[in-house]
file model_12.pdb (PDB, C-alpha atoms)
ATOM      1  CA  MET A   2     103.545  95.528  92.403  1.00  0.00           C
ATOM      2  CA  VAL A   3     103.468  92.192  94.211  1.00  0.00           C
ATOM      3  CA  THR A   4     104.267  88.739  92.939  1.00  0.00           C
ATOM      4  CA  THR A   5     101.243  86.828  94.211  1.00  0.00           C
ATOM      5  CA  THR A   6      97.580  87.314  93.403  1.00  0.00           C
ATOM      6  CA  PRO A   7      95.946  89.511  96.041  1.00  0.00           C
ATOM      7  CA  THR A   8      92.984  88.181  97.974  1.00  0.00           C
ATOM      8  CA  ALA A   9      89.798  90.174  97.440  1.00  0.00           C
ATOM      9  CA  LEU A  10      88.275  90.884 100.848  1.00  0.00           C
ATOM     10  CA  LEU A  11      84.656  91.970 100.341  1.00  0.00           C
ATOM     11  CA  VAL A  12      83.035  94.217 102.960  1.00  0.00           C
ATOM     12  CA  HIS A  13      79.264  94.573 102.829  1.00  0.00           C
ATOM     13  CA  GLY A  14      77.499  97.722 103.951  1.00  0.00           C
ATOM     14  CA  ALA A  15      74.382  98.472 105.948  1.00  0.00           C
ATOM     15  CA  PHE A  16      71.055  96.703 105.428  1.00  0.00           C
ATOM     16  CA  ALA A  17      72.830  93.715 103.825  1.00  0.00           C
ATOM     17  CA  ASP A  18      75.049  90.795 104.755  1.00  0.00           C
ATOM     18  CA  ALA A  19      77.958  88.950 103.161  1.00  0.00           C
ATOM     19  CA  GLY A  20      75.510  86.908 101.100  1.00  0.00           C
ATOM     20  CA  SER A  21      74.886  90.000  98.992  1.00  0.00           C
ATOM     21  CA  TRP A  22      78.290  89.319  97.420  1.00  0.00           C
ATOM     22  CA  SER A  23      77.340  85.787  96.291  1.00  0.00           C
ATOM     23  CA  GLY A  24      77.278  86.509  92.556  1.00  0.00           C
ATOM     24  CA  VAL A  25      80.491  88.533  92.741  1.00  0.00           C
ATOM     25  CA  ILE A  26      82.233  85.802  94.725  1.00  0.00           C
ATOM     26  CA  ALA A  27      81.296  83.194  92.126  1.00  0.00           C
ATOM     27  CA  GLU A  28      82.651  85.374  89.324  1.00  0.00           C
ATOM     28  CA  LEU A  29      85.947  85.999  91.120  1.00  0.00           C
ATOM     29  CA  GLN A  30      86.389  82.337  92.006  1.00  0.00           C
ATOM     30  CA  ASN A  31      85.732  81.402  88.378  1.00  0.00           C
ATOM     31  CA  HIS A  32      88.684  83.604  87.455  1.00  0.00           C
ATOM     32  CA  GLY A  33      90.986  82.102  90.077  1.00  0.00           C
ATOM     33  CA  ILE A  34      90.976  85.070  92.446  1.00  0.00           C
ATOM     34  CA  PRO A  35      91.095  84.228  96.153  1.00  0.00           C
ATOM     35  CA  VAL A  36      88.158  85.853  97.930  1.00  0.00           C
ATOM     36  CA  VAL A  37      86.752  86.143 101.435  1.00  0.00           C
ATOM     37  CA  ALA A  38      83.647  87.998 102.625  1.00  0.00           C
ATOM     38  CA  PRO A  39      83.577  88.337 106.407  1.00  0.00           C
ATOM     39  CA  PRO A  40      80.650  89.840 108.299  1.00  0.00           C
ATOM     40  CA  ASN A  41      80.797  93.593 108.874  1.00  0.00           C
ATOM     41  CA  PRO A  42      79.573  94.164 112.445  1.00  0.00           C
ATOM     42  CA  LEU A  43      77.844  97.504 111.592  1.00  0.00           C
ATOM     43  CA  ARG A  44      78.242  98.730 115.161  1.00  0.00           C
ATOM     44  CA  GLY A  45      80.587 101.711 114.671  1.00  0.00           C
ATOM     45  CA  LEU A  46      83.105 102.931 112.122  1.00  0.00           C
ATOM     46  CA  ALA A  47      86.218 102.643 114.298  1.00  0.00           C
ATOM     47  CA  SER A  48      85.310  99.211 115.673  1.00  0.00           C
ATOM     48  CA  ASP A  49      84.126  97.873 112.311  1.00  0.00           C
ATOM     49  CA  ALA A  50      87.314  99.085 110.613  1.00  0.00           C
ATOM     50  CA  ALA A  51      89.469  97.539 113.331  1.00  0.00           C
ATOM     51  CA  TYR A  52      87.712  94.210 112.797  1.00  0.00           C
ATOM     52  CA  ILE A  53      88.138  94.291 109.015  1.00  0.00           C
ATOM     53  CA  ALA A  54      91.779  95.412 109.339  1.00  0.00           C
ATOM     54  CA  SER A  55      92.419  92.443 111.630  1.00  0.00           C
ATOM     55  CA  GLN A  56      90.817  90.124 109.073  1.00  0.00           C
ATOM     56  CA  ALA A  57      93.042  91.554 106.343  1.00  0.00           C
ATOM     57  CA  ALA A  58      96.179  91.342 108.482  1.00  0.00           C
ATOM     58  CA  GLN A  59      95.612  87.628 109.079  1.00  0.00           C
ATOM     59  CA  ILE A  60      95.522  86.839 105.363  1.00  0.00           C
ATOM     60  CA  ASP A  61      98.815  85.492 104.062  1.00  0.00           C
ATOM     61  CA  GLY A  62      99.762  87.836 101.240  1.00  0.00           C
ATOM     62  CA  PRO A  63      98.430  91.034  99.703  1.00  0.00           C
ATOM     63  CA  VAL A  64      94.789  92.088  99.992  1.00  0.00           C
ATOM     64  CA  VAL A  65      92.490  94.237  97.886  1.00  0.00           C
ATOM     65  CA  LEU A  66      89.707  95.604 100.074  1.00  0.00           C
ATOM     66  CA  VAL A  67      86.291  96.008  98.451  1.00  0.00           C
ATOM     67  CA  GLY A  68      83.593  98.024 100.197  1.00  0.00           C
ATOM     68  CA  HIS A  69      79.931  98.443  99.313  1.00  0.00           C
ATOM     69  CA  SER A  70      77.957 101.415 100.628  1.00  0.00           C
ATOM     70  CA  TYR A  71      78.956 102.068 104.276  1.00  0.00           C
ATOM     71  CA  GLY A  72      81.620  99.409 103.706  1.00  0.00           C
ATOM     72  CA  GLY A  73      83.456 102.052 101.689  1.00  0.00           C
ATOM     73  CA  ALA A  74      83.982 104.085 104.840  1.00  0.00           C
ATOM     74  CA  VAL A  75      85.151 100.946 106.634  1.00  0.00           C
ATOM     75  CA  ILE A  76      87.797 100.095 104.022  1.00  0.00           C
ATOM     76  CA  SER A  77      88.954 103.720 103.916  1.00  0.00           C
ATOM     77  CA  VAL A  78      90.004 103.314 107.541  1.00  0.00           C
ATOM     78  CA  ALA A  79      90.924  99.620 107.533  1.00  0.00           C
ATOM     79  CA  GLY A  80      92.927 100.036 104.320  1.00  0.00           C
ATOM     80  CA  THR A  81      95.891 101.395 106.232  1.00  0.00           C
ATOM     81  CA  ALA A  82      96.726  97.766 107.129  1.00  0.00           C
ATOM     82  CA  GLU A  83     100.188  97.001 105.800  1.00  0.00           C
ATOM     83  CA  ASN A  84      99.249  94.194 103.413  1.00  0.00           C
ATOM     84  CA  VAL A  85      96.365  96.108 101.773  1.00  0.00           C
ATOM     85  CA  VAL A  86      97.489  97.012  98.246  1.00  0.00           C
ATOM     86  CA  GLY A  87      94.305  98.443  96.738  1.00  0.00           C
ATOM     87  CA  LEU A  88      90.791  99.672  97.467  1.00  0.00           C
ATOM     88  CA  VAL A  89      87.606  99.135  95.448  1.00  0.00           C
ATOM     89  CA  TYR A  90      84.495 101.170  96.228  1.00  0.00           C
ATOM     90  CA  VAL A  91      81.118  99.838  95.041  1.00  0.00           C
ATOM     91  CA  ALA A  92      78.258 102.370  95.277  1.00  0.00           C
ATOM     92  CA  ALA A  93      80.085 103.532  98.361  1.00  0.00           C
ATOM     93  CA  TYR A  94      80.935 106.356 100.689  1.00  0.00           C
ATOM     94  CA  ILE A  95      84.578 107.473 100.372  1.00  0.00           C
ATOM     95  CA  PRO A  96      85.216 109.772 103.347  1.00  0.00           C
ATOM     96  CA  GLU A  97      88.183 111.989 104.083  1.00  0.00           C
ATOM     97  CA  ALA A  98      89.999 111.628 107.397  1.00  0.00           C
ATOM     98  CA  GLY A  99      88.103 113.617 110.015  1.00  0.00           C
ATOM     99  CA  GLU A 100      84.883 113.548 107.990  1.00  0.00           C
ATOM    100  CA  SER A 101      81.650 111.812 108.974  1.00  0.00           C
ATOM    101  CA  LEU A 102      79.197 110.184 106.614  1.00  0.00           C
ATOM    102  CA  GLY A 103      76.637 112.794 107.591  1.00  0.00           C
ATOM    103  CA  GLU A 104      79.028 115.560 106.568  1.00  0.00           C
ATOM    104  CA  LEU A 105      79.926 113.844 103.306  1.00  0.00           C
ATOM    105  CA  GLN A 106      76.366 113.198 102.171  1.00  0.00           C
ATOM    106  CA  GLY A 107      75.288 116.590 103.502  1.00  0.00           C
ATOM    107  CA  ARG A 108      77.241 118.250 100.683  1.00  0.00           C
ATOM    108  CA  PHE A 109      74.520 117.101  98.279  1.00  0.00           C
ATOM    109  CA  PRO A 110      70.727 116.646  98.246  1.00  0.00           C
ATOM    110  CA  LEU A 111      69.727 113.790 100.521  1.00  0.00           C
ATOM    111  CA  SER A 112      68.665 110.487  98.968  1.00  0.00           C
ATOM    112  CA  PRO A 113      65.235 108.922  99.609  1.00  0.00           C
ATOM    113  CA  LEU A 114      66.928 106.558 102.069  1.00  0.00           C
ATOM    114  CA  VAL A 115      67.109 109.225 104.757  1.00  0.00           C
ATOM    115  CA  SER A 116      63.335 109.624 105.067  1.00  0.00           C
ATOM    116  CA  ASN A 117      62.678 105.881 104.915  1.00  0.00           C
ATOM    117  CA  LEU A 118      64.575 104.584 107.926  1.00  0.00           C
ATOM    118  CA  THR A 119      63.078 102.843 110.939  1.00  0.00           C
ATOM    119  CA  GLU A 120      64.759 103.192 114.335  1.00  0.00           C
ATOM    120  CA  LYS A 121      65.038 100.489 116.967  1.00  0.00           C
ATOM    121  CA  THR A 122      67.168 100.141 120.072  1.00  0.00           C
ATOM    122  CA  TYR A 123      69.705  97.523 121.105  1.00  0.00           C
ATOM    123  CA  PRO A 124      71.572  96.924 124.384  1.00  0.00           C
ATOM    124  CA  VAL A 125      75.133  98.120 124.914  1.00  0.00           C
ATOM    125  CA  ASP A 126      77.560  97.876 127.823  1.00  0.00           C
ATOM    126  CA  GLY A 127      76.542  99.362 131.152  1.00  0.00           C
ATOM    127  CA  GLY A 128      72.872  98.537 130.797  1.00  0.00           C
ATOM    128  CA  GLN A 129      72.411 101.308 128.250  1.00  0.00           C
ATOM    129  CA  THR A 130      70.770 101.219 124.849  1.00  0.00           C
ATOM    130  CA  ALA A 131      71.776 102.594 121.458  1.00  0.00           C
ATOM    131  CA  VAL A 132      69.847 103.257 118.251  1.00  0.00           C
ATOM    132  CA  GLU A 133      70.080 101.231 115.050  1.00  0.00           C
ATOM    133  CA  VAL A 134      68.317 101.765 111.740  1.00  0.00           C
ATOM    134  CA  THR A 135      66.868  99.649 108.938  1.00  0.00           C
ATOM    135  CA  ILE A 136      64.994 100.571 105.772  1.00  0.00           C
ATOM    136  CA  LYS A 137      61.196 100.494 105.941  1.00  0.00           C
ATOM    137  CA  ALA A 138      60.057  97.270 104.300  1.00  0.00           C
ATOM    138  CA  GLU A 139      57.686  98.999 101.911  1.00  0.00           C
ATOM    139  CA  ALA A 140      60.426 101.368 100.742  1.00  0.00           C
ATOM    140  CA  PHE A 141      63.211  98.789 100.486  1.00  0.00           C
ATOM    141  CA  PRO A 142      62.705  97.757  96.826  1.00  0.00           C
ATOM    142  CA  ALA A 143      62.725 101.310  95.433  1.00  0.00           C
ATOM    143  CA  VAL A 144      65.437 102.638  97.738  1.00  0.00           C
ATOM    144  CA  PHE A 145      67.865  99.735  97.806  1.00  0.00           C
ATOM    145  CA  ALA A 146      67.263  97.318  94.958  1.00  0.00           C
ATOM    146  CA  ALA A 147      65.076  98.722  92.183  1.00  0.00           C
ATOM    147  CA  ASP A 148      66.790  96.604  89.493  1.00  0.00           C
ATOM    148  CA  VAL A 149      66.585  93.321  91.417  1.00  0.00           C
ATOM    149  CA  PRO A 150      63.725  90.822  90.855  1.00  0.00           C
ATOM    150  CA  ALA A 151      60.860  91.302  93.324  1.00  0.00           C
ATOM    151  CA  ALA A 152      61.179  87.820  94.802  1.00  0.00           C
ATOM    152  CA  VAL A 153      64.848  88.414  95.594  1.00  0.00           C
ATOM    153  CA  THR A 154      64.143  91.880  96.975  1.00  0.00           C
ATOM    154  CA  GLN A 155      61.606  90.465  99.422  1.00  0.00           C
ATOM    155  CA  VAL A 156      64.280  88.172 100.820  1.00  0.00           C
ATOM    156  CA  LEU A 157      66.851  90.971 101.016  1.00  0.00           C
ATOM    157  CA  ALA A 158      64.394  93.206 102.854  1.00  0.00           C
ATOM    158  CA  ALA A 159      63.628  90.484 105.404  1.00  0.00           C
ATOM    159  CA  ALA A 160      67.325  89.777 105.980  1.00  0.00           C
ATOM    160  CA  GLN A 161      68.449  93.364 106.552  1.00  0.00           C
ATOM    161  CA  ARG A 162      71.400  93.886 108.897  1.00  0.00           C
ATOM    162  CA  PRO A 163      70.730  97.013 111.001  1.00  0.00           C
ATOM    163  CA  LEU A 164      73.303  99.809 111.159  1.00  0.00           C
ATOM    164  CA  ALA A 165      74.162 101.658 114.368  1.00  0.00           C
ATOM    165  CA  ALA A 166      72.853 105.201 113.901  1.00  0.00           C
ATOM    166  CA  SER A 167      76.041 106.578 115.441  1.00  0.00           C
ATOM    167  CA  THR A 168      77.980 105.656 112.300  1.00  0.00           C
ATOM    168  CA  PHE A 169      76.518 108.694 110.527  1.00  0.00           C
ATOM    169  CA  THR A 170      78.206 111.082 112.974  1.00  0.00           C
ATOM    170  CA  GLU A 171      81.424 109.176 113.763  1.00  0.00           C
ATOM    171  CA  THR A 172      84.395 110.614 111.882  1.00  0.00           C
ATOM    172  CA  ALA A 173      86.860 108.544 109.864  1.00  0.00           C
ATOM    173  CA  SER A 174      90.265 108.296 111.510  1.00  0.00           C
ATOM    174  CA  ALA A 175      92.114 107.684 108.224  1.00  0.00           C
ATOM    175  CA  ALA A 176      91.761 107.848 104.454  1.00  0.00           C
ATOM    176  CA  ALA A 177      93.730 104.939 103.038  1.00  0.00           C
ATOM    177  CA  TRP A 178      92.973 106.099  99.483  1.00  0.00           C
ATOM    178  CA  LYS A 179      95.592 108.798  99.960  1.00  0.00           C
ATOM    179  CA  THR A 180      98.349 106.186  99.874  1.00  0.00           C
ATOM    180  CA  LYS A 181      96.717 103.157  98.194  1.00  0.00           C
ATOM    181  CA  PRO A 182      95.408 102.980  94.592  1.00  0.00           C
ATOM    182  CA  SER A 183      91.639 102.948  94.339  1.00  0.00           C
ATOM    183  CA  TRP A 184      88.822 102.024  91.961  1.00  0.00           C
ATOM    184  CA  ALA A 185      85.181 103.060  92.219  1.00  0.00           C
ATOM    185  CA  LEU A 186      81.887 101.957  90.733  1.00  0.00           C
ATOM    186  CA  VAL A 187      79.139 104.575  90.673  1.00  0.00           C
ATOM    187  CA  ALA A 188      75.572 103.261  90.588  1.00  0.00           C
ATOM    188  CA  GLY A 189      73.839 105.766  88.346  1.00  0.00           C
ATOM    189  CA  ALA A 190      70.310 105.196  89.691  1.00  0.00           C
ATOM    190  CA  ASP A 191      71.246 104.796  93.361  1.00  0.00           C
ATOM    191  CA  GLU A 192      68.424 105.887  95.704  1.00  0.00           C
ATOM    192  CA  ALA A 193      70.279 104.983  98.916  1.00  0.00           C
ATOM    193  CA  ILE A 194      73.397 107.094  98.356  1.00  0.00           C
ATOM    194  CA  ASN A 195      73.082 110.070  96.034  1.00  0.00           C
ATOM    195  CA  PRO A 196      75.258 109.166  93.013  1.00  0.00           C
ATOM    196  CA  GLU A 197      76.780 112.643  93.306  1.00  0.00           C
ATOM    197  CA  VAL A 198      78.178 111.610  96.678  1.00  0.00           C
ATOM    198  CA  GLU A 199      79.787 108.579  95.032  1.00  0.00           C
ATOM    199  CA  ARG A 200      81.182 110.653  92.153  1.00  0.00           C
ATOM    200  CA  PHE A 201      82.547 113.305  94.484  1.00  0.00           C
ATOM    201  CA  GLY A 202      84.309 110.790  96.711  1.00  0.00           C
ATOM    202  CA  ALA A 203      85.756 108.892  93.760  1.00  0.00           C
ATOM    203  CA  LYS A 204      87.096 112.043  92.149  1.00  0.00           C
ATOM    204  CA  ARG A 205      88.596 113.293  95.411  1.00  0.00           C
ATOM    205  CA  ALA A 206      90.303 109.924  95.901  1.00  0.00           C
ATOM    206  CA  GLY A 207      91.705 109.932  92.373  1.00  0.00           C
ATOM    207  CA  ALA A 208      90.001 106.597  91.789  1.00  0.00           C
ATOM    208  CA  THR A 209      89.641 104.826  88.472  1.00  0.00           C
ATOM    209  CA  VAL A 210      85.893 105.174  87.949  1.00  0.00           C
ATOM    210  CA  VAL A 211      83.271 103.033  86.212  1.00  0.00           C
ATOM    211  CA  GLU A 212      79.662 104.235  86.162  1.00  0.00           C
ATOM    212  CA  ILE A 213      76.714 101.953  85.416  1.00  0.00           C
ATOM    213  CA  ASP A 214      73.631 103.844  84.259  1.00  0.00           C
ATOM    214  CA  GLY A 215      70.420 102.557  85.754  1.00  0.00           C
ATOM    215  CA  ALA A 216      72.135 100.551  88.476  1.00  0.00           C
ATOM    216  CA  SER A 217      70.543 100.526  91.928  1.00  0.00           C
ATOM    217  CA  HIS A 218      72.357 100.537  95.242  1.00  0.00           C
ATOM    218  CA  ALA A 219      72.271  96.728  95.129  1.00  0.00           C
ATOM    219  CA  VAL A 220      74.463  96.680  92.020  1.00  0.00           C
ATOM    220  CA  ALA A 221      76.540  93.789  93.370  1.00  0.00           C
ATOM    221  CA  VAL A 222      73.358  91.691  93.352  1.00  0.00           C
ATOM    222  CA  SER A 223      71.915  92.925  90.063  1.00  0.00           C
ATOM    223  CA  GLN A 224      75.141  93.156  88.050  1.00  0.00           C
ATOM    224  CA  PRO A 225      77.743  90.899  89.683  1.00  0.00           C
ATOM    225  CA  LYS A 226      79.778  90.408  86.492  1.00  0.00           C
ATOM    226  CA  GLU A 227      80.379  94.127  86.117  1.00  0.00           C
ATOM    227  CA  VAL A 228      81.288  94.509  89.783  1.00  0.00           C
ATOM    228  CA  ALA A 229      83.625  91.519  89.631  1.00  0.00           C
ATOM    229  CA  GLU A 230      85.289  92.900  86.517  1.00  0.00           C
ATOM    230  CA  LEU A 231      86.239  96.104  88.345  1.00  0.00           C
ATOM    231  CA  ILE A 232      87.629  94.048  91.226  1.00  0.00           C
ATOM    232  CA  ARG A 233      89.582  91.959  88.734  1.00  0.00           C
ATOM    233  CA  ASP A 234      91.009  95.171  87.262  1.00  0.00           C
ATOM    234  CA  ALA A 235      92.213  96.158  90.728  1.00  0.00           C
ATOM    235  CA  VAL A 236      93.679  92.718  91.391  1.00  0.00           C
ATOM    236  CA  ARG A 237      95.494  92.706  88.033  1.00  0.00           C
ATOM    237  CA  ALA A 238      96.860  96.201  88.627  1.00  0.00           C
ATOM    238  CA  THR A 239      98.248  95.288  92.035  1.00  0.00           C
ATOM    239  CA  THR A 240      99.684  91.875  91.129  1.00  0.00           C
TER     240      THR A 240
END
call {"tool": "encode", "arguments": {"input": "model_12.pdb", "output": "structure tokens"}}
result
Amino acid sequence: MVTTTPTALLVHGAFADAGSWSGVIAELQNHGIPVVAPPNPLRGLASDAAYIASQAAQIDGPVVLVGHSYGGAVISVAGTAENVVGLVYVAAYIPEAGESLGELQGRFPLSPLVSNLTEKTYPVDGGQTAVEVTIKAEAFPAVFAADVPAAVTQVLAAAQRPLAASTFTETASAAAWKTKPSWALVAGADEAINPEVERFGAKRAGATVVEIDGASHAVAVSQPKEVAELIRDAVRATT
């Protein structure tokens, strides 16, 4: 236990940005919990985790890392930072050290997301290019945000942050959940990550689990109070 209230550091996943946490941030702030939501670069698991770990390390005091979707893999690696005292997974991947996201989700039937991705290229060092993916616009509502109002979903689809395709094959270098307490929210109607993948990872991590029936992958947008409540549980438990 620590004597000061941990800061909740919220890490968004693929196809979203930090604005997807807006409702959750408001709820946490209303309850006096310090919160920050930096951008997740989405360029590679090791580099993204190093960035988030550096953000956590520069916060004065303890930190609870919260990861949505691919952000769960990021906090699993970044959570080894010394001042991280807890991990919260929201409709997220929870990989083992040495495991890739492709291997983890390959244990179960693939979600509709996999067949609804669009590939583009982007420049990298040395004059080379790499591949990034987004969700097809016509599939975005059903795959990502089925329980979000259509007008909001249209905005979310237009504002997608692409994910480097290499993140599906890059292996996690650490599993912070082995040494840090964890909490997990399973989105029962997730069409981006098979809910079985979320349940499996949460059970393997020994996480305290909450499941919301009917919740889409965008549960932080559609049900921010419930997501914030789980984060508050983690903050209370580590204070």
call {"tool": "resolve_selection", "arguments": {"input": "model_12.pdb", "expression": "the PyMOL selection byres ((chain A and resi 6-23) around 7)", "output": "tab-separated table (two decimals) with C-alpha atoms, in the frame of the given file"}}
result
chain	number	residue	atom	x	y	z
A	4	THR	CA	104.27	88.74	92.94
A	5	THR	CA	101.24	86.83	94.21
A	24	GLY	CA	77.28	86.51	92.56
A	25	VAL	CA	80.49	88.53	92.74
A	26	ILE	CA	82.23	85.80	94.72
A	27	ALA	CA	81.30	83.19	92.13
A	34	ILE	CA	90.98	85.07	92.45
A	35	PRO	CA	91.10	84.23	96.15
A	36	VAL	CA	88.16	85.85	97.93
A	37	VAL	CA	86.75	86.14	101.44
A	38	ALA	CA	83.65	88.00	102.62
A	39	PRO	CA	83.58	88.34	106.41
A	40	PRO	CA	80.65	89.84	108.30
A	41	ASN	CA	80.80	93.59	108.87
A	43	LEU	CA	77.84	97.50	111.59
A	62	GLY	CA	99.76	87.84	101.24
A	63	PRO	CA	98.43	91.03	99.70
A	64	VAL	CA	94.79	92.09	99.99
A	65	VAL	CA	92.49	94.24	97.89
A	66	LEU	CA	89.71	95.60	100.07
A	67	VAL	CA	86.29	96.01	98.45
A	68	GLY	CA	83.59	98.02	100.20
A	69	HIS	CA	79.93	98.44	99.31
A	70	SER	CA	77.96	101.42	100.63
A	71	TYR	CA	78.96	102.07	104.28
A	72	GLY	CA	81.62	99.41	103.71
A	135	THR	CA	66.87	99.65	108.94
A	161	GLN	CA	68.45	93.36	106.55
A	162	ARG	CA	71.40	93.89	108.90
A	163	PRO	CA	70.73	97.01	111.00
A	164	LEU	CA	73.30	99.81	111.16
A	221	ALA	CA	76.54	93.79	93.37
A	222	VAL	CA	73.36	91.69	93.35
A	236	VAL	CA	93.68	92.72	91.39
A	240	THR	CA	99.68	91.88	91.13
call {"tool": "atom_distance", "arguments": {"input": "model_12.pdb", "atom1": "atom CA of A:Ala188", "atom2": "atom CA of A:Leu111"}}
result
15.6 Å
call {"tool": "closest_residue", "arguments": {"input": "model_12.pdb", "among": "A:Val211, A:Ala165, A:Ala140, A:Ala158", "to": "A:Glu192", "atoms": "all atoms listed in the file"}}
result
A:Ala140
call {"tool": "residues_around", "arguments": {"input": "model_12.pdb", "residues": "A:Thr81", "least_positions_apart": "5", "cutoff": "9 Å", "atoms": "only C-alpha atoms", "output": "PyMOL selection string"}}
result
chain A and resi 54+76+175-178+180-181
call {"tool": "residues_around", "arguments": {"input": "model_12.pdb", "residues": "stretch 90-107 of chain A", "least_positions_apart": "5", "cutoff": "9 Å", "atoms": "only C-alpha atoms", "output": "count of residues only"}}
result
51
call {"tool": "resolve_selection", "arguments": {"input": "model_12.pdb", "expression": "the PyMOL selection byres ((chain A and resi 155) around 12)", "output": "MDAnalysis selection string"}}
result
chainID A and resid 137:143 145:147 149:154 156:161
call {"tool": "closest_residue", "arguments": {"input": "model_12.pdb", "among": "A:Arg237, A:His32, A:Arg44, A:Lys226", "to": "A:Ile213", "atoms": "all atoms listed in the file"}}
result
A:Lys226
call {"tool": "axis_aligned_box", "arguments": {"input": "model_12.pdb", "around": "stretch 108-116 of chain A", "padding_each_side": "5 Å", "output": "lines of an AutoDock Vina configuration file"}}
result
center_x = 70.3
center_y = 112.4
center_z = 101.7
size_x = 23.9
size_y = 21.7
size_z = 16.8
call {"tool": "atom_distance", "arguments": {"input": "model_12.pdb", "atom1": "atom CA of A:Asp234", "atom2": "atom CA of A:Val89"}}
result
9.7 Å
call {"tool": "atom_distance", "arguments": {"input": "model_12.pdb", "atom1": "atom CA of A:Ala79", "atom2": "atom CA of A:Pro182"}}
result
14.1 Å
call {"tool": "closest_residue", "arguments": {"input": "model_12.pdb", "among": "A:Leu114, A:Asn84, A:Ala229, A:Glu212", "to": "A:Asp61", "atoms": "all atoms listed in the file"}}
result
A:Asn84
